[in-house]
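What follows is one structure encoded as structure tokens, with my remarks underneath.
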There are 2 protein chains.
Amino acid sequence: MATVTFAPSGESIEVPVGTSMLDAAILCGLDLPSPCAGVGRCGRCRVRIVGGEVQRRSNAGLEVAEVADGWAVACQTFVYGPADVEIPQRRKESVRPHGHAVAEPESLPLTSDWRQHPAVRTFELQIEPPSLSDNTSDLDRIQREFVRQHGIEQVRAELPLLRGLAAALRAADWNVCVTLEMRDWVHGIYLPPRMIDVRAAAAHAGNFGLAVDIGTTSIVVYLVDFETGRVVDTSSAYNKQIACGEDVTSRIIYAKRADGLERLRTLVVETTNELVAELTERNHITPQEIHEVVAAGNTTMTHLLLGLDPKYLREEPYIPTISSPPKLTAWDLNLKVNPQARVYCLPGVGSYVGGDITAGVISSGLFATEKLSLLIDIGTNGEMVLGNKDWLLACACSAGPAFEGGGVRHGMRATAGAIEDVFIADASLEPSFRTIDDAPAVGICGSGLIDLLGELFITGLLDKAGRLNRDAATARVRLRDGVPEYVLAWAGENDAEHDIVLTESDVTGLLRAKAAIYAGYEVLCHSVGVDLADVEQILIGGAFGQYLNVEKAIRIGLLPDQPVERFHFLGNTSANGAYAALICTGVRDDILDIAAKMTYLELSADNSFMHEYTSALFLPHTDLDAFPTVRDALMPRADGPVGPRVDAPKGG
Amino acid sequence: MATVTFAPSGESIEVPVGTSMLDAAILCGLDLPSPCAGVGRCGRCRVRIVGGEVQRRSNAGLEVAEVADGWAVACQTFVYGPADVEIPQRRKESVRPHGHAVAEPESLPLTSDWRQHPAVRTFELQIEPPSLSDNTSDLDRIQREFVRQHGIEQVRAELPLLRGLAAALRAADWNVCVTLEMRDWVHGIYLPPRMIDVRAAAAHAGNFGLAVDIGTTSIVVYLVDFETGRVVDTSSAYNKQIACGEDVTSRIIYAKRADGLERLRTLVVETTNELVAELTERNHITPQEIHEVVAAGNTTMTHLLLGLDPKYLREEPYIPTISSPPKLTAWDLNLKVNPQARVYCLPGVGSYVGGDITAGVISSGLFATEKLSLLIDIGTNGEMVLGNKDWLLACACSAGPAFEGGGVRHGMRATAGAIEDVFIADASLEPSFRTIDDAPAVGICGSGLIDLLGELFITGLLDKAGRLNRDAATARVRLRDGVPEYVLAWAGENDAEHDIVLTESDVTGLLRAKAAIYAGYEVLCHSVGVDLADVEQILIGGAFGQYLNVEKAIRIGLLPDQPVERFHFLGNTSANGAYAALICTGVRDDILDIAAKMTYLELSADNSFMHEYTSALFLPHTDLDAFPTVRDALMPRADGPVGPRVDAPKGG
């Protein structure tokens, strides 16, 4: 027996060791939501373990930072000794502020001290005003004072800064703050510091940077305070290039038009600039205070951002112009931050393994681990990296935008009002769902789509080929214009303005997406003679990776059916890698090492890919034996509380 | 006695030693023009000394290269032994092709071998096309081949080049010529070579550079072939900024308007781009083949070219934003040459001693001589440098645009149709003149204005205060709208479309200009306790310096009355210095040394300047004793041939 004490009520109860927290709470008379009745499917019964002995079967639906903070899924967490548990009084505010968690340097797997070699530093400089007898130029005067006051020689300045320098010095009455880029380099040669900004010392301006994930479908921007190293805010939006095609292939085709490339370049810059404007406004800072930008994107996105012709990325043998982008400033790219801000685009490896993947290898810790690891980045392009600190093998496949809500009738990004998880009751076939920020339902985001697909399948509303059961005992399966669809929310339900549905053709798109990804990592493993079961950890990245529920993703065959503790949900590994490189210049060297070390496997040159893809076009897979837990789940379930599985309890 | 043989006729004559070549030719019955009757004023009696012993009193009106080639003023050149002389059959064609002499590296006082460290080099590269098994990026592939084929590591590329790289490589079928910037540096740190151009090896493109003199009034562009080091063509035009003010002060005031600075920047770029277009068209090359630009200008011109606020250049204590401009490319400045071409703006010393003067110190050889030397750069701004290889003292004064034809009713640049020298007969008071390219008279260029001023003065048509003699026995002095003016050419005379005149207010402008310059070097010398007579050589630079006639310039008091052999006419020292820096990277280091070594004397902080200026507002000067040769010339002259002066014959 063990005693569990619940905060904030202070009530406690003695329960047998092995009892789930959900049962303990219910026995104590506390009100915890549990629409799936404690089978670990809905993820609503969240509690926070303040202290004590517990074992977790699954952390499904929780973010890494939340788990670290003690959050647990009550029905999947079991009492093994006295425990203190907090019951949330109401839904945590802004679990996903603007769609993403606020991050800290400590959350990054950095190999060097991020404070030791900052990319950007600000110095105060009190300058003796010029006179007829001391009439050296403004720039020479600053250089002289940097030597005198800070021992820094040969501080450099480029044209956009020089254009405002004379006025800035005089407006500040020669007492200035100067922000320097400390780690500017060309091919391994470090250059003297470069001035990014000069402003009045009295102005008390901030020192910020941006980590930008340039996705085919979505762009995510982290605003980072260089003083604390923390992400202070994030924003995201659909990449406006979507108007020119939903995936990289259609964008590349669009770029062939007259002015097509320039239009694509302008659209991605526009999207980014709008996100930056949103962040600066909301946080009461000026664009001038943003002193560096690190951007991670796939190779096509990087080419388009830079205005490089992407044509040869899709023509055999698929050659990018560059893998490692040149040194650029915001001025070069027309990004509306400080024009002198360095824009560091993370280097990639090939036409289909870009800076987003090297970023993922960094932020996942894959580059530093001894364990055989598989990193899966699920986005419009699915990219996978297999390996460890000694070797890295990567491949890529086109999944399409379905998981980011693209090409799906009521798909949407993970913003307020997106249905992000779904549970369908076995008996009534009635769904219950949760929207982001508990806002009125607007559509369904990626994690919601995966949930919904899995729930439809497990409840028999969808067959393994992705066909809706037209004879199901629910009005929610209906035909519209001859196409079957499932009504997840009726107009008015959760304030939805209209019916929110998933059509059979939406399902087809989702099956194709998950099949491409499954086939990708399957071929990757086989190509080096590794079985999926040999992989010691499976790291899930991608723009929406942080919201994935592993069991639900396994259920639809998107993730391999491996023990749940092998999975690690890393969130937006691309943005997180950019963030790591932004605050820690040592990471930039690490990324160059990674890019040099990684081998790219061209799937189009591999016949087995198409075979694996075709086999994976089913729920969960043609070979049900490859998904034993799904096979078992399809058996009729017991109704009572579920005890720990034999293979499960291995601690949080 | 000595024998003189004349080519091409082959006639010869024996004359007494000391006879002038003009007399010898006349005695031989040959037809040499001599409107001034052999007093060395008109400079028309040119001959070429092929061999033999002669002594020259003056090379007035001849260019350095012409003297080196044997050209001589016949009435100022005396027979001292047997001599072979060539009489030109007709005026040499294009003595000033497009206004400037074609130059060669050998004409430059270079301290290092210009071929040894070229700024720009072209390499052939045969690249193995990519394949699925060798799918490295285009840039990485080029870098790999540079190491393999030329031993050059880490070749760099910037964005504008990368944007066309993929297409260029494929259009060339992977056999390319790559032009590299070999000497790229940041604060003394040399960087790996940078790609400027990639084109098909079969294209046989050229390798050119531009030396640009950005004057307040005129812009001069030299087109230089990097293979031979020679100037292959030149072009020049008025700086379009003239529309915004004639001198630097008015430009600086204009820059304060909304968009004023941007307009000035655009205008100088436009002027330069039009000159470049003229050169590329005439020489059948593409702008893409121009791989580097060196620009020299005064500090205001450099600030305006770069879009730097010039406001503080004219506010005490007169501080420029920069003395040494940053690294730029043609892309940064919107110059229509190869966008990757480096634009190297020569560094200056202060607000009124710019890159044009450091260029002059280079191209004049002043920085390397033991002799106490005075460099005078006559332009809209007059700048002077006194010193030798050990020390350099500089000052500047505003002369106004008169010598470049600006602000003078019929003033014009030295282009076809400009009256470039003038002779007025003592008796008839009738002028004769010569126009550039013998074209129909259009106006009067700087050298013509100086000639005319001197002739008007020496013939008594103008008094020492600059007033025209209204009672002179010639219809050419007349009143128009109450202002006296001298008609140099009637409409129809030499095909002039209208009367070409010099007004009394034109004269006032010219007197102010020459007074400012005289006062400048006078104060400069006095400030270090040097007398003008102590100066061993007087080097005359500036955009129109090459056309100056020293005796005529002395006559109006523009140049000091010192022995003629101390004067050296160096032509456009600014353009020539830019040219030296363009072909010889060693010169760029020399120029940095010069800029570091030179001390700037602020004339506005010197009371003696205004005193000297006021004294110099007369013809030639209030103190006629400072101009003994002018004083003597004002005495009635003998009519016969002039023998050598006692102090003169020191050889060519």
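Labels used: A, B, ... for chains in the order of the structure tokens, numbers from 1 for residues in each chain, and numbers from 1 for ligands as shown.
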
Residue hits in chain A, query chain B, radius 8 Å, only C-alpha atoms, as number ranges by chain: A: 130-132, 135-140, 154, 157-159, 162-167, 186-187, 189, 191-192, 306-309, 312, 316-323, 326-327, 350, 602, 605

Write out the residues from the selection above, keeping N, CA and C atoms, as a short mmCIF file (atom, residue, chain, number, x, y, z; two decimals), in the first residue's frame.
```
data_model
loop_
_atom_site.label_atom_id
_atom_site.label_comp_id
_atom_site.auth_asym_id
_atom_site.auth_seq_id
_atom_site.Cartn_x
_atom_site.Cartn_y
_atom_site.Cartn_z
N PRO A 130 35.03 64.71 -31.60
CA PRO A 130 36.12 65.19 -32.46
C PRO A 130 36.31 66.71 -32.32
N SER A 131 37.48 67.16 -32.72
CA SER A 131 37.77 68.60 -32.71
C SER A 131 38.67 68.88 -33.91
N LEU A 132 38.94 70.15 -34.15
CA LEU A 132 39.81 70.49 -35.28
C LEU A 132 41.19 69.84 -35.11
N ASN A 135 40.70 65.27 -35.66
CA ASN A 135 39.62 65.20 -36.66
C ASN A 135 39.60 63.89 -37.44
N THR A 136 39.93 62.82 -36.76
CA THR A 136 39.88 61.53 -37.42
C THR A 136 38.42 61.16 -37.72
N SER A 137 38.22 60.26 -38.66
CA SER A 137 36.86 59.93 -39.10
C SER A 137 36.08 59.21 -37.99
N ASP A 138 34.78 59.20 -38.14
CA ASP A 138 33.91 58.55 -37.15
C ASP A 138 34.31 57.09 -36.93
N LEU A 139 34.51 56.38 -38.03
CA LEU A 139 34.82 54.96 -37.91
C LEU A 139 36.17 54.76 -37.23
N ASP A 140 37.17 55.53 -37.65
CA ASP A 140 38.49 55.40 -37.04
C ASP A 140 38.42 55.71 -35.54
N GLN A 154 40.52 46.57 -34.62
CA GLN A 154 40.07 46.51 -36.01
C GLN A 154 38.60 46.17 -36.18
N ALA A 157 33.01 47.68 -40.11
CA ALA A 157 31.64 48.15 -40.34
C ALA A 157 31.33 48.03 -41.82
N GLU A 158 30.09 47.69 -42.11
CA GLU A 158 29.68 47.59 -43.51
C GLU A 158 28.74 48.74 -43.86
N LEU A 159 28.44 48.82 -45.14
CA LEU A 159 27.77 49.99 -45.68
C LEU A 159 26.46 50.38 -44.97
N LEU A 162 27.25 52.09 -41.81
CA LEU A 162 27.98 53.35 -42.00
C LEU A 162 27.04 54.47 -42.42
N ARG A 163 25.98 54.10 -43.16
CA ARG A 163 25.07 55.14 -43.65
C ARG A 163 24.38 55.89 -42.52
N GLY A 164 24.20 55.24 -41.39
CA GLY A 164 23.56 55.95 -40.29
C GLY A 164 24.53 56.31 -39.17
N LEU A 165 25.80 56.00 -39.34
CA LEU A 165 26.75 56.10 -38.23
C LEU A 165 26.94 57.53 -37.74
N ALA A 166 27.18 58.47 -38.67
CA ALA A 166 27.47 59.85 -38.28
C ALA A 166 26.33 60.41 -37.43
N ALA A 167 25.11 60.21 -37.90
CA ALA A 167 23.95 60.73 -37.18
C ALA A 167 23.79 60.04 -35.83
N VAL A 186 35.29 33.37 -42.44
CA VAL A 186 35.24 32.95 -43.83
C VAL A 186 36.08 31.70 -43.94
N HIS A 187 35.45 30.60 -44.28
CA HIS A 187 36.18 29.36 -44.46
C HIS A 187 37.17 29.09 -43.33
N ILE A 189 38.52 31.06 -41.27
CA ILE A 189 39.37 32.17 -40.83
C ILE A 189 38.48 33.14 -40.06
N LEU A 191 37.44 36.56 -38.53
CA LEU A 191 37.69 37.97 -38.88
C LEU A 191 37.49 38.84 -37.64
N PRO A 192 38.03 40.05 -37.68
CA PRO A 192 37.80 40.95 -36.55
C PRO A 192 36.30 41.21 -36.39
N LEU A 306 17.24 32.27 -50.83
CA LEU A 306 18.42 32.98 -51.34
C LEU A 306 18.26 33.39 -52.81
N GLY A 307 17.17 32.98 -53.43
CA GLY A 307 16.98 33.31 -54.84
C GLY A 307 17.87 32.47 -55.75
N LEU A 308 18.22 31.27 -55.30
CA LEU A 308 19.03 30.37 -56.14
C LEU A 308 18.10 29.49 -56.96
N ASP A 309 18.46 29.28 -58.20
CA ASP A 309 17.65 28.49 -59.10
C ASP A 309 17.52 27.05 -58.58
N TYR A 312 17.62 22.31 -60.72
CA TYR A 312 18.39 21.07 -60.80
C TYR A 312 18.21 20.20 -59.56
N GLU A 316 17.44 14.61 -62.27
CA GLU A 316 18.52 13.69 -61.96
C GLU A 316 19.83 14.30 -62.46
N PRO A 317 20.93 14.24 -61.74
CA PRO A 317 21.13 13.58 -60.44
C PRO A 317 20.87 14.46 -59.21
N TYR A 318 19.94 15.40 -59.31
CA TYR A 318 19.47 16.14 -58.12
C TYR A 318 20.58 16.90 -57.39
N ILE A 319 21.11 17.93 -58.04
CA ILE A 319 22.26 18.64 -57.49
C ILE A 319 21.86 20.05 -57.04
N PRO A 320 22.13 20.38 -55.79
CA PRO A 320 21.90 21.77 -55.34
C PRO A 320 23.05 22.67 -55.78
N THR A 321 22.77 23.97 -55.87
CA THR A 321 23.86 24.90 -56.16
C THR A 321 24.85 24.91 -55.01
N ILE A 322 24.31 24.94 -53.80
CA ILE A 322 25.16 24.95 -52.62
C ILE A 322 24.58 24.03 -51.57
N SER A 323 25.47 23.52 -50.72
CA SER A 323 25.00 22.85 -49.51
C SER A 323 25.18 23.78 -48.33
N PRO A 326 26.40 30.96 -48.34
CA PRO A 326 27.45 31.94 -48.06
C PRO A 326 27.04 32.85 -46.91
N LYS A 327 27.97 33.69 -46.50
CA LYS A 327 27.68 34.68 -45.47
C LYS A 327 26.73 35.73 -46.02
N GLY A 350 22.47 17.51 -49.12
CA GLY A 350 22.15 17.22 -50.51
C GLY A 350 20.85 17.88 -50.86
N GLU A 602 19.98 8.15 -51.78
CA GLU A 602 18.98 8.63 -52.74
C GLU A 602 17.93 7.54 -52.93
N ALA A 605 17.00 6.06 -56.28
CA ALA A 605 17.93 5.12 -56.88
C ALA A 605 17.81 3.75 -56.22
#
```

Who sits within 7 Å of range 114-122 of chain A, only C-alpha atoms, same chain under 2 positions skipped, as a PyMOL selection string: chain A and resi 112+124+177-183+583-585

Next, write the just-selected residues to a file, as a PDB file, in the first residue's frame, keeping all heavy atoms as the atom set.
```pdb
ATOM      1  N   SER A 112      29.136  22.675 -26.142  1.00  0.00           N
ATOM      2  CA  SER A 112      30.026  23.686 -25.577  1.00  0.00           C
ATOM      3  C   SER A 112      29.187  24.732 -24.848  1.00  0.00           C
ATOM      4  O   SER A 112      27.979  24.815 -25.032  1.00  0.00           O
ATOM      5  CB  SER A 112      30.861  24.342 -26.676  1.00  0.00           C
ATOM      6  OG  SER A 112      30.022  24.804 -27.720  1.00  0.00           O
ATOM      7  N   GLU A 124      29.561  49.137 -24.171  1.00  0.00           N
ATOM      8  CA  GLU A 124      29.404  50.583 -24.021  1.00  0.00           C
ATOM      9  C   GLU A 124      30.693  51.262 -24.438  1.00  0.00           C
ATOM     10  O   GLU A 124      31.792  50.744 -24.235  1.00  0.00           O
ATOM     11  CB  GLU A 124      29.063  50.935 -22.566  1.00  0.00           C
ATOM     12  CG  GLU A 124      27.596  50.759 -22.280  1.00  0.00           C
ATOM     13  CD  GLU A 124      27.106  51.669 -21.156  1.00  0.00           C
ATOM     14  OE1 GLU A 124      27.683  52.760 -20.966  1.00  0.00           O
ATOM     15  OE2 GLU A 124      26.146  51.258 -20.472  1.00  0.00           O
ATOM     16  N   CYS A 177      26.127  52.523 -27.258  1.00  0.00           N
ATOM     17  CA  CYS A 177      26.237  51.080 -27.140  1.00  0.00           C
ATOM     18  C   CYS A 177      26.492  50.547 -28.535  1.00  0.00           C
ATOM     19  O   CYS A 177      25.772  50.903 -29.467  1.00  0.00           O
ATOM     20  CB  CYS A 177      24.934  50.474 -26.611  1.00  0.00           C
ATOM     21  SG  CYS A 177      24.874  50.424 -24.839  1.00  0.00           S
ATOM     22  N   VAL A 178      27.500  49.718 -28.662  1.00  0.00           N
ATOM     23  CA  VAL A 178      27.812  49.137 -29.959  1.00  0.00           C
ATOM     24  C   VAL A 178      27.656  47.633 -29.859  1.00  0.00           C
ATOM     25  O   VAL A 178      28.228  46.995 -28.972  1.00  0.00           O
ATOM     26  CB  VAL A 178      29.247  49.484 -30.400  1.00  0.00           C
ATOM     27  CG1 VAL A 178      29.536  48.899 -31.774  1.00  0.00           C
ATOM     28  CG2 VAL A 178      29.455  50.991 -30.406  1.00  0.00           C
ATOM     29  N   THR A 179      26.846  47.075 -30.752  1.00  0.00           N
ATOM     30  CA  THR A 179      26.691  45.628 -30.791  1.00  0.00           C
ATOM     31  C   THR A 179      27.626  45.075 -31.863  1.00  0.00           C
ATOM     32  O   THR A 179      27.650  45.566 -32.986  1.00  0.00           O
ATOM     33  CB  THR A 179      25.235  45.256 -31.114  1.00  0.00           C
ATOM     34  OG1 THR A 179      24.406  45.840 -30.115  1.00  0.00           O
ATOM     35  CG2 THR A 179      25.044  43.756 -31.120  1.00  0.00           C
ATOM     36  N   LEU A 180      28.394  44.081 -31.477  1.00  0.00           N
ATOM     37  CA  LEU A 180      29.367  43.491 -32.409  1.00  0.00           C
ATOM     38  C   LEU A 180      29.024  42.042 -32.712  1.00  0.00           C
ATOM     39  O   LEU A 180      28.592  41.311 -31.822  1.00  0.00           O
ATOM     40  CB  LEU A 180      30.774  43.516 -31.801  1.00  0.00           C
ATOM     41  CG  LEU A 180      31.416  44.860 -31.484  1.00  0.00           C
ATOM     42  CD1 LEU A 180      32.845  44.623 -30.977  1.00  0.00           C
ATOM     43  CD2 LEU A 180      31.445  45.766 -32.709  1.00  0.00           C
ATOM     44  N   GLU A 181      29.255  41.668 -33.943  1.00  0.00           N
ATOM     45  CA  GLU A 181      29.281  40.234 -34.269  1.00  0.00           C
ATOM     46  C   GLU A 181      30.683  39.762 -33.919  1.00  0.00           C
ATOM     47  O   GLU A 181      31.669  40.219 -34.491  1.00  0.00           O
ATOM     48  CB  GLU A 181      28.993  40.005 -35.754  1.00  0.00           C
ATOM     49  CG  GLU A 181      29.020  38.524 -36.099  1.00  0.00           C
ATOM     50  CD  GLU A 181      28.798  38.245 -37.582  1.00  0.00           C
ATOM     51  OE1 GLU A 181      29.115  39.122 -38.411  1.00  0.00           O
ATOM     52  OE2 GLU A 181      28.317  37.161 -37.913  1.00  0.00           O
ATOM     53  N   MET A 182      30.750  38.856 -32.945  1.00  0.00           N
ATOM     54  CA  MET A 182      32.060  38.476 -32.403  1.00  0.00           C
ATOM     55  C   MET A 182      32.696  37.327 -33.168  1.00  0.00           C
ATOM     56  O   MET A 182      33.896  37.123 -33.100  1.00  0.00           O
ATOM     57  CB  MET A 182      31.904  38.055 -30.936  1.00  0.00           C
ATOM     58  CG  MET A 182      31.331  39.147 -30.043  1.00  0.00           C
ATOM     59  SD  MET A 182      32.320  40.666 -30.074  1.00  0.00           S
ATOM     60  CE  MET A 182      33.807  40.121 -29.218  1.00  0.00           C
ATOM     61  N   ARG A 183      31.863  36.529 -33.838  1.00  0.00           N
ATOM     62  CA  ARG A 183      32.392  35.309 -34.444  1.00  0.00           C
ATOM     63  C   ARG A 183      32.063  35.304 -35.927  1.00  0.00           C
ATOM     64  O   ARG A 183      31.258  34.528 -36.403  1.00  0.00           O
ATOM     65  CB  ARG A 183      31.786  34.091 -33.754  1.00  0.00           C
ATOM     66  CG  ARG A 183      32.015  34.069 -32.249  1.00  0.00           C
ATOM     67  CD  ARG A 183      33.247  33.331 -31.873  1.00  0.00           C
ATOM     68  NE  ARG A 183      33.069  31.895 -32.030  1.00  0.00           N
ATOM     69  CZ  ARG A 183      34.034  31.013 -31.813  1.00  0.00           C
ATOM     70  NH1 ARG A 183      35.230  31.427 -31.457  1.00  0.00           N
ATOM     71  NH2 ARG A 183      33.820  29.734 -31.983  1.00  0.00           N
ATOM     72  N   ILE A 583      22.373  30.619 -30.308  1.00  0.00           N
ATOM     73  CA  ILE A 583      22.948  31.069 -29.031  1.00  0.00           C
ATOM     74  C   ILE A 583      24.335  30.490 -28.795  1.00  0.00           C
ATOM     75  O   ILE A 583      25.086  31.029 -28.000  1.00  0.00           O
ATOM     76  CB  ILE A 583      22.030  30.760 -27.821  1.00  0.00           C
ATOM     77  CG1 ILE A 583      21.809  29.259 -27.668  1.00  0.00           C
ATOM     78  CG2 ILE A 583      20.721  31.509 -27.931  1.00  0.00           C
ATOM     79  CD1 ILE A 583      21.269  28.907 -26.297  1.00  0.00           C
ATOM     80  N   CYS A 584      24.683  29.408 -29.489  1.00  0.00           N
ATOM     81  CA  CYS A 584      25.948  28.738 -29.189  1.00  0.00           C
ATOM     82  C   CYS A 584      26.760  28.599 -30.471  1.00  0.00           C
ATOM     83  O   CYS A 584      26.464  27.758 -31.320  1.00  0.00           O
ATOM     84  CB  CYS A 584      25.654  27.365 -28.573  1.00  0.00           C
ATOM     85  SG  CYS A 584      27.128  26.496 -28.056  1.00  0.00           S
ATOM     86  N   THR A 585      27.782  29.427 -30.612  1.00  0.00           N
ATOM     87  CA  THR A 585      28.527  29.407 -31.878  1.00  0.00           C
ATOM     88  C   THR A 585      29.282  28.096 -32.069  1.00  0.00           C
ATOM     89  O   THR A 585      29.570  27.710 -33.196  1.00  0.00           O
ATOM     90  CB  THR A 585      29.509  30.582 -31.953  1.00  0.00           C
ATOM     91  OG1 THR A 585      30.356  30.551 -30.822  1.00  0.00           O
ATOM     92  CG2 THR A 585      28.769  31.905 -32.009  1.00  0.00           C
TER      93      THR A 585
END
```

DSSP alpha helix (DSSP H) residues within range 142-360 of chain A, as an MDAnalysis selection string: chainID A and resid 142:150 159:171 248:254 260:282 299:306 330:333 355:360

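Here the question is which of A:Val422, A:Ala211, A:Ile444, A:Ala578 gets nearest to Ile591 in chain A using only C-alpha atoms, and that residue is A:Ala578.
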
Need to verify the contact set: range 630-632 of chain B, 9 Å, only C-alpha atoms, exclusion of same-chain residues closer than 2 positions in sequence. Can you return it as a short mmCIF file (atom, residue, chain, number, x, y, z; two decimals) with N, CA and C atoms, in the first residue's frame?
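Saved file out.cif follows:
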```cif
data_model
loop_
_atom_site.label_atom_id
_atom_site.label_comp_id
_atom_site.auth_asym_id
_atom_site.auth_seq_id
_atom_site.Cartn_x
_atom_site.Cartn_y
_atom_site.Cartn_z
N ILE B 458 47.98 89.76 -71.12
CA ILE B 458 49.29 90.14 -71.67
C ILE B 458 49.13 91.14 -72.82
N GLU B 551 53.62 78.02 -68.57
CA GLU B 551 53.91 79.45 -68.67
C GLU B 551 52.64 80.28 -68.65
N ILE B 554 51.39 80.28 -65.11
CA ILE B 554 52.16 81.24 -64.29
C ILE B 554 51.69 82.65 -64.59
N ARG B 555 51.44 82.88 -65.87
CA ARG B 555 51.07 84.24 -66.28
C ARG B 555 49.83 84.75 -65.56
N ILE B 556 48.88 83.87 -65.28
CA ILE B 556 47.68 84.34 -64.57
C ILE B 556 47.82 84.18 -63.05
N GLY B 557 48.97 83.64 -62.63
CA GLY B 557 49.18 83.51 -61.19
C GLY B 557 48.56 82.28 -60.58
N ASP B 561 55.75 81.31 -59.93
CA ASP B 561 56.72 81.67 -60.97
C ASP B 561 58.07 81.06 -60.62
N PRO B 620 49.03 88.93 -62.20
CA PRO B 620 49.04 87.57 -61.66
C PRO B 620 48.88 87.57 -60.15
N LEU B 624 53.73 91.91 -57.78
CA LEU B 624 54.23 91.52 -59.10
C LEU B 624 55.65 90.95 -59.00
N ASP B 625 56.38 91.31 -57.93
CA ASP B 625 57.74 90.79 -57.77
C ASP B 625 57.77 89.29 -57.53
N ALA B 626 56.62 88.76 -57.10
CA ALA B 626 56.56 87.30 -56.93
C ALA B 626 56.46 86.60 -58.29
N PHE B 627 56.23 87.37 -59.32
CA PHE B 627 56.09 86.80 -60.67
C PHE B 627 57.02 87.53 -61.64
N PRO B 628 58.34 87.37 -61.47
CA PRO B 628 59.29 88.15 -62.27
C PRO B 628 59.16 87.89 -63.77
N LEU B 634 55.54 91.62 -69.51
CA LEU B 634 54.69 92.79 -69.71
C LEU B 634 55.48 93.95 -70.35
N MET B 635 56.85 93.82 -70.35
CA MET B 635 57.69 94.81 -71.04
C MET B 635 57.54 94.59 -72.54
N PRO B 636 57.79 95.60 -73.37
CA PRO B 636 57.71 95.41 -74.82
C PRO B 636 58.70 94.33 -75.25
N ARG B 637 58.28 93.44 -76.14
CA ARG B 637 59.11 92.32 -76.55
C ARG B 637 59.89 92.63 -77.82
#
```
